[in-house]
Structures are given as structure tokens and as C-alpha cells.
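**Q** Before anything else, here's the structure in question.
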Amino acid sequence: MAYKILAVNPGSTSTKVAVYLDREQQWVESISHTQEELKPYPNIYSQLDFRADLVRKCIEAHGDKAEDFDAAVGRGGLIPPVHAGAYEVNEAMLDCLQHRPLLQHASNLGAPIAYSIAKEAGCKAYIYDAVTVDEMEEIYRITGLPDVIRIGRGHNLNMRAAVINLCEQKGISDKDYNIISVHLGGGISVGMFDHGRIIDMISDDEGPFSPERSGGLPIFRVVDYCYDVYPGDKEGMMKQLQRKGGLVAHFGTADSREIEKMVQEGDEQAKLIYDAMAVNTAKNIAKLAVDVNGKVDYIVLTGGIAYSKYFTDAVKERVSFIAPVEIIPGEKEMDSLSHGVWRVLTGKETASQFTEKE
């Protein structure tokens, strides 16, 4: 039996929709939303009916019907920390996303849109590898300030998909290996997958600087920066760290391809900064090797920058002494969502039930 799966991934100004037959994508479309269209809605969740109706029209335009689906999956939003894998969308999750999300974020609509359409289809709705997956062991959370703990939140969906993909290629199970997965995108995250569990995570606010993120910084200098450059302007400081840091701060662009072109044209400053980003990435990979006493079986590089041979070669050169390095480029969120639910439908994985106090 072939399973038909609907995948929905809401973004700030778009909603991506795709339909799969088992693991094969049948079609994908990104529905754009203008600021004018979104203006009447006071918060993210109030956009639910508007976006869900557009998804329905998109499905119909492609010749599909809600009743044809065997499952629907949405991007998991800002619910309290959960384990990796699939969760069935239930009333507790919907209530939490509507009334008590950790943050207002477009991904909060993934579960309710999927649930709305699954209800019409008479099937179940799921989320998979939610934004808030956090399986970090307690010892890795501790810092020198009791009120500041580390969290295991990063690009879990893509990093875990790369690990699963790697294991399928090798004919092995992730439950038997230690694998470091690195997402190379606008932000860079590094995760330690210890026999399938993400026991430690270097998120994009504390690890390598990247196209948009400042990454880990000398903390005393950061305190000075906050008081001297952004006194009383928390929003401005956060924007500098999250959206205007990294390559943007150095070159005014987040497009690593532009920087690589500058390097190839002989720009020494561009080469210095780009090489430094690769060194930063390698250092953070090495940090996580300590978690398993250096017994790392594979390192996998994924995300958009993993298409760059220059960058991945620079990282491989510095970390291949730890473990073999595999490249699985790209950020295939829709595939990751649908393939995860396909594994649930075929009995390869089991979906969990969400409660606010896991």
C-alpha cells in the first residue's frame, strides 16, 4: 500500500505545501503572503483559518482532495521541549500553541493547519522533529552562572534527517553509532547524536559564526558592546547578533556564495574571514567529540553551505582525524517531515503523545 502524505511548513511570509506518495514528492508549492494580507491578524495563531483555506485551495488546484490523505504533517512550533521524532497532534498541543507558545513564530501554525485538514480526511496529523526538540543531558547544560543554562535547541529537523539519510546509505542503524551532525546555513548548529539521541548541541548563538549569526563571542567584550553600542536597546542588540552578525557584519551579505566568489578572485580579507568560519565550525565539531571520549563514528555536514566544496574541504581537513566526514548537502525540510511520518505509518517509528509537562 502506498501512503499519501500532506506536508505543511509555515514561514513568516509564506506557507510551503507538498504532497508525497510514500517517500516520493508529487508536488510542492510555496504560497506567498504579503504584509498587507497578514496585517489584520493580531498574532500568529489568528492567521490559522486564512492560511488553512489557502492550503486547501492549493491542494485542490493540484487535483488532490483532503480525503485522499493517509496522514498530514506540519512543522512543529514553539511548544515546550520535546524528544526527537514524531508527535501526534492532539488537543493539548493545539491549546498550548494557541495560548502558551514559547514565542510567536509562524511554525506554530504547522500543527493546527495539518490537524484541520487531517480532520477532514479522517486521518491523523503529526509534527516531526519540532523546533523545540531538546534531549541534552543535564551535565552539558551547566554553565558558570546558575541562572544561565545551555539548551539543546538547533536545526534538529535537518541535522537528524542527515543522520538518518547517512545511516540508510551505509545500511546501518543510528542506534549503534555516535554521529556528529552539522547544519551549515544562515546559522550553524552542531549536534552530538549518541546512539540516536541528541545528547549535546552547540546552537547557532554559541557556536561558529555564520552568514547571519555572530556565534560565540568573548563574553566580557559582549557586555561592553551591549552597554556602549546598544544601551537599553535589547531588540537592536539581538538583531545584531541574530541577523546582522557573521558574514553580514563583515561584508553586508549573508550569501556565502558571494564571499566564496570574492575568495576565488583573490580577495585576501574575504579568504581570511571565510576560512575563519570554517575553522570555527571545525573547532565546535571537535568540542562535541569530547562527549563520547572521542569515539565518533561519522561526521556529517548538511545544509546549504554543504554544497560548497571549498568550505567542506576546509572543515574536513581539520576534523577528519576524529572520524570520516560525509557530505549530505541541502536543507530538505519537506522531505524530512514527510519521510518521518512515512516511518510512523510503516511501523518503523512510533509517534509520541504530547503533554505540556513531559
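Each chain of the C-alpha cells is named A, B, ... in the order shown, its residues numbered from 1; ligands are numbered from 1 in display order.
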For range 20-30 of chain A, please output as a ChimeraX atom specification all residues within 7 Å (counting only C-alpha atoms; exclusion window: fewer than 3 positions along the same chain).

**A** /A:2-6,14-17,339,342

**Q** Would you mind exporting the chosen residues as a PDB file, in the first residue's frame, restricted to C-alpha atoms?

**A**
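Here's the written file part.pdb:
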```pdb
ATOM      1  CA  ALA A   2       1.290   3.461  -0.909  1.00  0.00           C
ATOM      2  CA  TYR A   3       0.686   6.205   1.656  1.00  0.00           C
ATOM      3  CA  LYS A   4      -0.313   9.715   0.600  1.00  0.00           C
ATOM      4  CA  ILE A   5       1.089  12.355   2.943  1.00  0.00           C
ATOM      5  CA  LEU A   6       0.473  16.103   3.127  1.00  0.00           C
ATOM      6  CA  SER A  14       4.855  32.037   3.071  1.00  0.00           C
ATOM      7  CA  THR A  15       3.350  28.609   3.642  1.00  0.00           C
ATOM      8  CA  LYS A  16       5.075  25.715   1.894  1.00  0.00           C
ATOM      9  CA  VAL A  17       2.870  22.777   0.912  1.00  0.00           C
ATOM     10  CA  HIS A 339       9.679  10.826   5.499  1.00  0.00           C
ATOM     11  CA  TRP A 342       6.082   7.682   6.490  1.00  0.00           C
TER      12      TRP A 342
END
```

**Q** Could you please write out, as a list of chain:residue names, every residue of range 10-90 of chain A that DSSP assigns to alpha helix (DSSP H)?

**A**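 Answer for range 10-90 of chain A, restricted to alpha helix (DSSP H): A:Gln35, A:Glu36, A:Glu37, A:Leu38, A:Leu48, A:Asp49, A:Phe50, A:Arg51, A:Ala52, A:Asp53, A:Leu54, A:Val55, A:Arg56, A:Lys57, A:Cys58, A:Ile59, A:Glu60, A:Ala61.
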
**Q** Residues near Phe321 in chain A, anyone? I mean within 12 Å using only C-alpha atoms, not counting same-chain ones fewer than 6 positions away, as a list in words.

**A**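 Near Phe321 in chain A, the qualifying residues are Ala282, Ile285, Ala286, Ala289, Gly294, Lys295, Val296, Asp297, Tyr298, Ile299 and Val315 of chain A.
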
**Q** Take the residues from that selection and put them in a file with N, CA and C atoms, as a PDB file, in the first residue's frame.

**A**
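Now in selection_23.pdb:
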```
ATOM      1  N   ALA A 282      34.954  23.714  12.578  1.00  0.00           N
ATOM      2  CA  ALA A 282      35.762  22.544  12.927  1.00  0.00           C
ATOM      3  C   ALA A 282      36.017  22.477  14.427  1.00  0.00           C
ATOM      4  N   ILE A 285      32.956  21.152  16.180  1.00  0.00           N
ATOM      5  CA  ILE A 285      32.818  19.703  15.971  1.00  0.00           C
ATOM      6  C   ILE A 285      33.713  18.968  16.960  1.00  0.00           C
ATOM      7  N   ALA A 286      34.947  19.435  17.067  1.00  0.00           N
ATOM      8  CA  ALA A 286      35.900  18.792  17.982  1.00  0.00           C
ATOM      9  C   ALA A 286      35.430  18.871  19.432  1.00  0.00           C
ATOM     10  N   ALA A 289      33.164  16.005  20.269  1.00  0.00           N
ATOM     11  CA  ALA A 289      33.804  14.689  20.301  1.00  0.00           C
ATOM     12  C   ALA A 289      34.159  14.289  21.724  1.00  0.00           C
ATOM     13  N   GLY A 294      35.852  10.876  22.361  1.00  0.00           N
ATOM     14  CA  GLY A 294      36.490  10.791  21.053  1.00  0.00           C
ATOM     15  C   GLY A 294      36.022   9.641  20.184  1.00  0.00           C
ATOM     16  N   LYS A 295      35.079   8.840  20.695  1.00  0.00           N
ATOM     17  CA  LYS A 295      34.627   7.666  19.939  1.00  0.00           C
ATOM     18  C   LYS A 295      33.491   8.055  18.983  1.00  0.00           C
ATOM     19  N   VAL A 296      33.844   8.851  17.991  1.00  0.00           N
ATOM     20  CA  VAL A 296      32.889   9.316  16.975  1.00  0.00           C
ATOM     21  C   VAL A 296      33.035   8.430  15.748  1.00  0.00           C
ATOM     22  N   ASP A 297      31.920   7.946  15.224  1.00  0.00           N
ATOM     23  CA  ASP A 297      31.960   7.054  14.058  1.00  0.00           C
ATOM     24  C   ASP A 297      31.883   7.810  12.740  1.00  0.00           C
ATOM     25  N   TYR A 298      31.058   8.859  12.703  1.00  0.00           N
ATOM     26  CA  TYR A 298      30.928   9.658  11.482  1.00  0.00           C
ATOM     27  C   TYR A 298      30.670  11.113  11.848  1.00  0.00           C
ATOM     28  N   ILE A 299      31.075  11.985  10.953  1.00  0.00           N
ATOM     29  CA  ILE A 299      30.704  13.400  10.991  1.00  0.00           C
ATOM     30  C   ILE A 299      29.980  13.679   9.679  1.00  0.00           C
ATOM     31  N   VAL A 315      36.745  22.288   6.309  1.00  0.00           N
ATOM     32  CA  VAL A 315      36.317  21.659   7.576  1.00  0.00           C
ATOM     33  C   VAL A 315      36.867  20.235   7.674  1.00  0.00           C
TER      34      VAL A 315
END
```

**Q** Could you check the closest approach to Glu88 in chain A for each of A:Glu36, A:Asp129, A:Glu235, A:Asp205 and tell me which residue wins, using only C-alpha atoms?

**A** A:Asp129

**Q** Excluding range 247-252 of chain A and any residue of its chain fewer than 6 positions from it, enumerate the residues within 12 Å of it, using only C-alpha atoms, and give them as number ranges by chain.

**A** A: 185-187, 208-215, 239-241, 258-260, 262, 267, 269-277

**Q** Please identify the strand (DSSP E) residues within range 21-267 of chain A (assignment by DSSP from backbone atoms) and present them as an NGL selection string.

**A** :A and (21 or 24-32 or 71-74 or 86-88 or 124-128 or 178-184 or 188-194 or 197-202)

**Q** Return the single residue from A:Gln47, A:Asn90, A:Thr34, A:Ser203 that is closest to Leu109 in chain A, with distances computed using only C-alpha atoms.

**A**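 Using only C-alpha atoms, Leu109 in chain A sits closest to A:Gln47.
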
**Q** Would you kindly return, as a VMD selection string, each protein, DNA or RNA residue with an atom no farther than 9 Å from any atom of range 302-311 of chain A, considering only C-alpha atoms and excluding same-chain residues fewer than 5 positions away?

**A** chain A and resid 158 to 159 162 181 to 186 188 256 to 257 260 274 to 275 277 to 278 316 326 to 332

**Q** Taking N, CA, C and O atoms for each residue, export the selection above as a short mmCIF file (atom, residue, chain, number, x, y, z; two decimals), in the first residue's frame.

**A**
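Saved to result07.cif:
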```
data_model
loop_
_atom_site.label_atom_id
_atom_site.label_comp_id
_atom_site.auth_asym_id
_atom_site.auth_seq_id
_atom_site.Cartn_x
_atom_site.Cartn_y
_atom_site.Cartn_z
N ASN A 158 16.79 19.18 10.15
CA ASN A 158 17.71 18.89 9.06
C ASN A 158 18.90 18.05 9.52
O ASN A 158 19.36 17.16 8.80
N MET A 159 19.41 18.32 10.72
CA MET A 159 20.55 17.55 11.21
C MET A 159 20.19 16.08 11.40
O MET A 159 20.96 15.19 11.04
N ALA A 162 19.78 14.27 8.11
CA ALA A 162 21.07 13.92 7.51
C ALA A 162 21.64 12.67 8.15
O ALA A 162 22.22 11.81 7.46
N SER A 181 26.45 15.71 13.69
CA SER A 181 25.78 16.28 12.52
C SER A 181 25.88 17.80 12.58
O SER A 181 25.66 18.40 13.64
N VAL A 182 26.24 18.40 11.45
CA VAL A 182 26.47 19.84 11.40
C VAL A 182 25.58 20.47 10.33
O VAL A 182 25.66 20.11 9.16
N HIS A 183 24.73 21.40 10.75
CA HIS A 183 23.89 22.14 9.80
C HIS A 183 24.61 23.43 9.43
O HIS A 183 24.92 24.26 10.30
N LEU A 184 24.88 23.60 8.15
CA LEU A 184 25.59 24.77 7.64
C LEU A 184 24.62 25.63 6.85
O LEU A 184 24.37 25.39 5.66
N GLY A 185 24.04 26.64 7.49
CA GLY A 185 23.09 27.50 6.82
C GLY A 185 23.27 28.94 7.27
O GLY A 185 24.38 29.36 7.60
N GLY A 186 22.16 29.71 7.31
CA GLY A 186 22.22 31.08 7.81
C GLY A 186 22.75 31.11 9.24
O GLY A 186 23.42 32.04 9.66
N ILE A 188 24.67 28.16 12.06
CA ILE A 188 25.35 26.87 12.07
C ILE A 188 25.13 26.21 13.43
O ILE A 188 25.41 26.82 14.47
N SER A 256 26.88 33.18 1.20
CA SER A 256 28.25 32.65 1.27
C SER A 256 28.84 32.45 -0.12
O SER A 256 30.06 32.47 -0.30
N ARG A 257 27.98 32.29 -1.13
CA ARG A 257 28.47 32.13 -2.50
C ARG A 257 29.16 33.39 -2.98
O ARG A 257 30.15 33.34 -3.72
N GLU A 260 32.57 33.42 -1.35
CA GLU A 260 33.45 32.44 -1.99
C GLU A 260 33.94 32.94 -3.35
O GLU A 260 35.09 32.71 -3.73
N TYR A 274 36.29 33.86 5.63
CA TYR A 274 35.63 32.61 5.23
C TYR A 274 36.36 31.40 5.81
O TYR A 274 35.73 30.46 6.30
N ASP A 275 37.70 31.45 5.78
CA ASP A 275 38.48 30.37 6.38
C ASP A 275 38.27 30.33 7.89
O ASP A 275 38.22 29.25 8.49
N MET A 277 35.54 31.10 9.44
CA MET A 277 34.24 30.47 9.68
C MET A 277 34.36 28.95 9.62
O MET A 277 33.75 28.23 10.42
N ALA A 278 35.17 28.45 8.69
CA ALA A 278 35.40 27.00 8.59
C ALA A 278 36.16 26.49 9.82
O ALA A 278 35.82 25.44 10.37
N LYS A 316 36.72 19.47 6.60
CA LYS A 316 37.20 18.08 6.59
C LYS A 316 38.68 17.98 6.92
O LYS A 316 39.11 17.10 7.67
N GLU A 326 31.20 12.85 6.01
CA GLU A 326 30.27 12.62 4.90
C GLU A 326 29.53 13.92 4.60
O GLU A 326 29.22 14.69 5.52
N ILE A 327 29.26 14.16 3.34
CA ILE A 327 28.56 15.38 2.92
C ILE A 327 27.17 15.02 2.40
O ILE A 327 27.04 14.26 1.44
N ILE A 328 26.14 15.57 3.03
CA ILE A 328 24.76 15.42 2.54
C ILE A 328 24.18 16.82 2.46
O ILE A 328 23.57 17.32 3.41
N PRO A 329 24.40 17.51 1.34
CA PRO A 329 24.07 18.94 1.25
C PRO A 329 22.57 19.20 1.14
O PRO A 329 21.78 18.31 0.79
N GLY A 330 22.21 20.44 1.44
CA GLY A 330 20.82 20.87 1.24
C GLY A 330 20.05 20.91 2.54
O GLY A 330 20.44 20.34 3.55
N GLU A 331 18.91 21.60 2.47
CA GLU A 331 18.02 21.74 3.61
C GLU A 331 16.64 21.28 3.15
O GLU A 331 15.86 22.05 2.63
N LYS A 332 16.36 20.00 3.33
CA LYS A 332 15.16 19.39 2.76
C LYS A 332 14.11 19.18 3.84
O LYS A 332 13.82 18.06 4.24
#
```

**Q** So that each row is one residue of range 147-198 of chain A with an atom at most 12 Å from range 113-128 of chain A, can you give its shortest atom pair and the distance in Å to one decimal, using only C-alpha atoms, rows by chain and rising number, as a tab-separated table?

**A**
```
residue	atom	partner	partner_atom	distance
A:Asn156	CA	A:Tyr128	CA	10.0
A:Leu157	CA	A:Tyr128	CA	7.6
A:Asn158	CA	A:Tyr128	CA	11.0
A:Arg160	CA	A:Tyr128	CA	10.6
A:Ala161	CA	A:Tyr128	CA	10.6
```

**Q** Find the residues around range 92-107 of chain A up to 10 Å (only C-alpha atoms counted), leave out those fewer than 6 positions away in its own chain, and share them as a PyMOL selection string.

**A** chain A and resi 8-15+43-48+74-81+115+130-132+353-356

**Q** List the neighbours of Gly340 in chain A out to 8 Å using only C-alpha atoms; skip same-chain residues closer than 4 positions along the sequence, and give me the result as a PyMOL selection string.

**A** chain A and resi 85-86+128+336+344

**Q** Can you spit out the residues from that selection as a tab-separated table (two decimals), in the first residue's frame, using C-alpha atoms?

**A**
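Below is the file that was written, again-v4.tsv:
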```tsv
chain	number	residue	atom	x	y	z
A	85	GLY	CA	10.74	12.12	16.31
A	86	ALA	CA	7.01	12.18	15.66
A	128	TYR	CA	8.16	15.72	13.38
A	336	SER	CA	12.29	15.36	6.44
A	344	VAL	CA	5.43	6.09	11.52
```
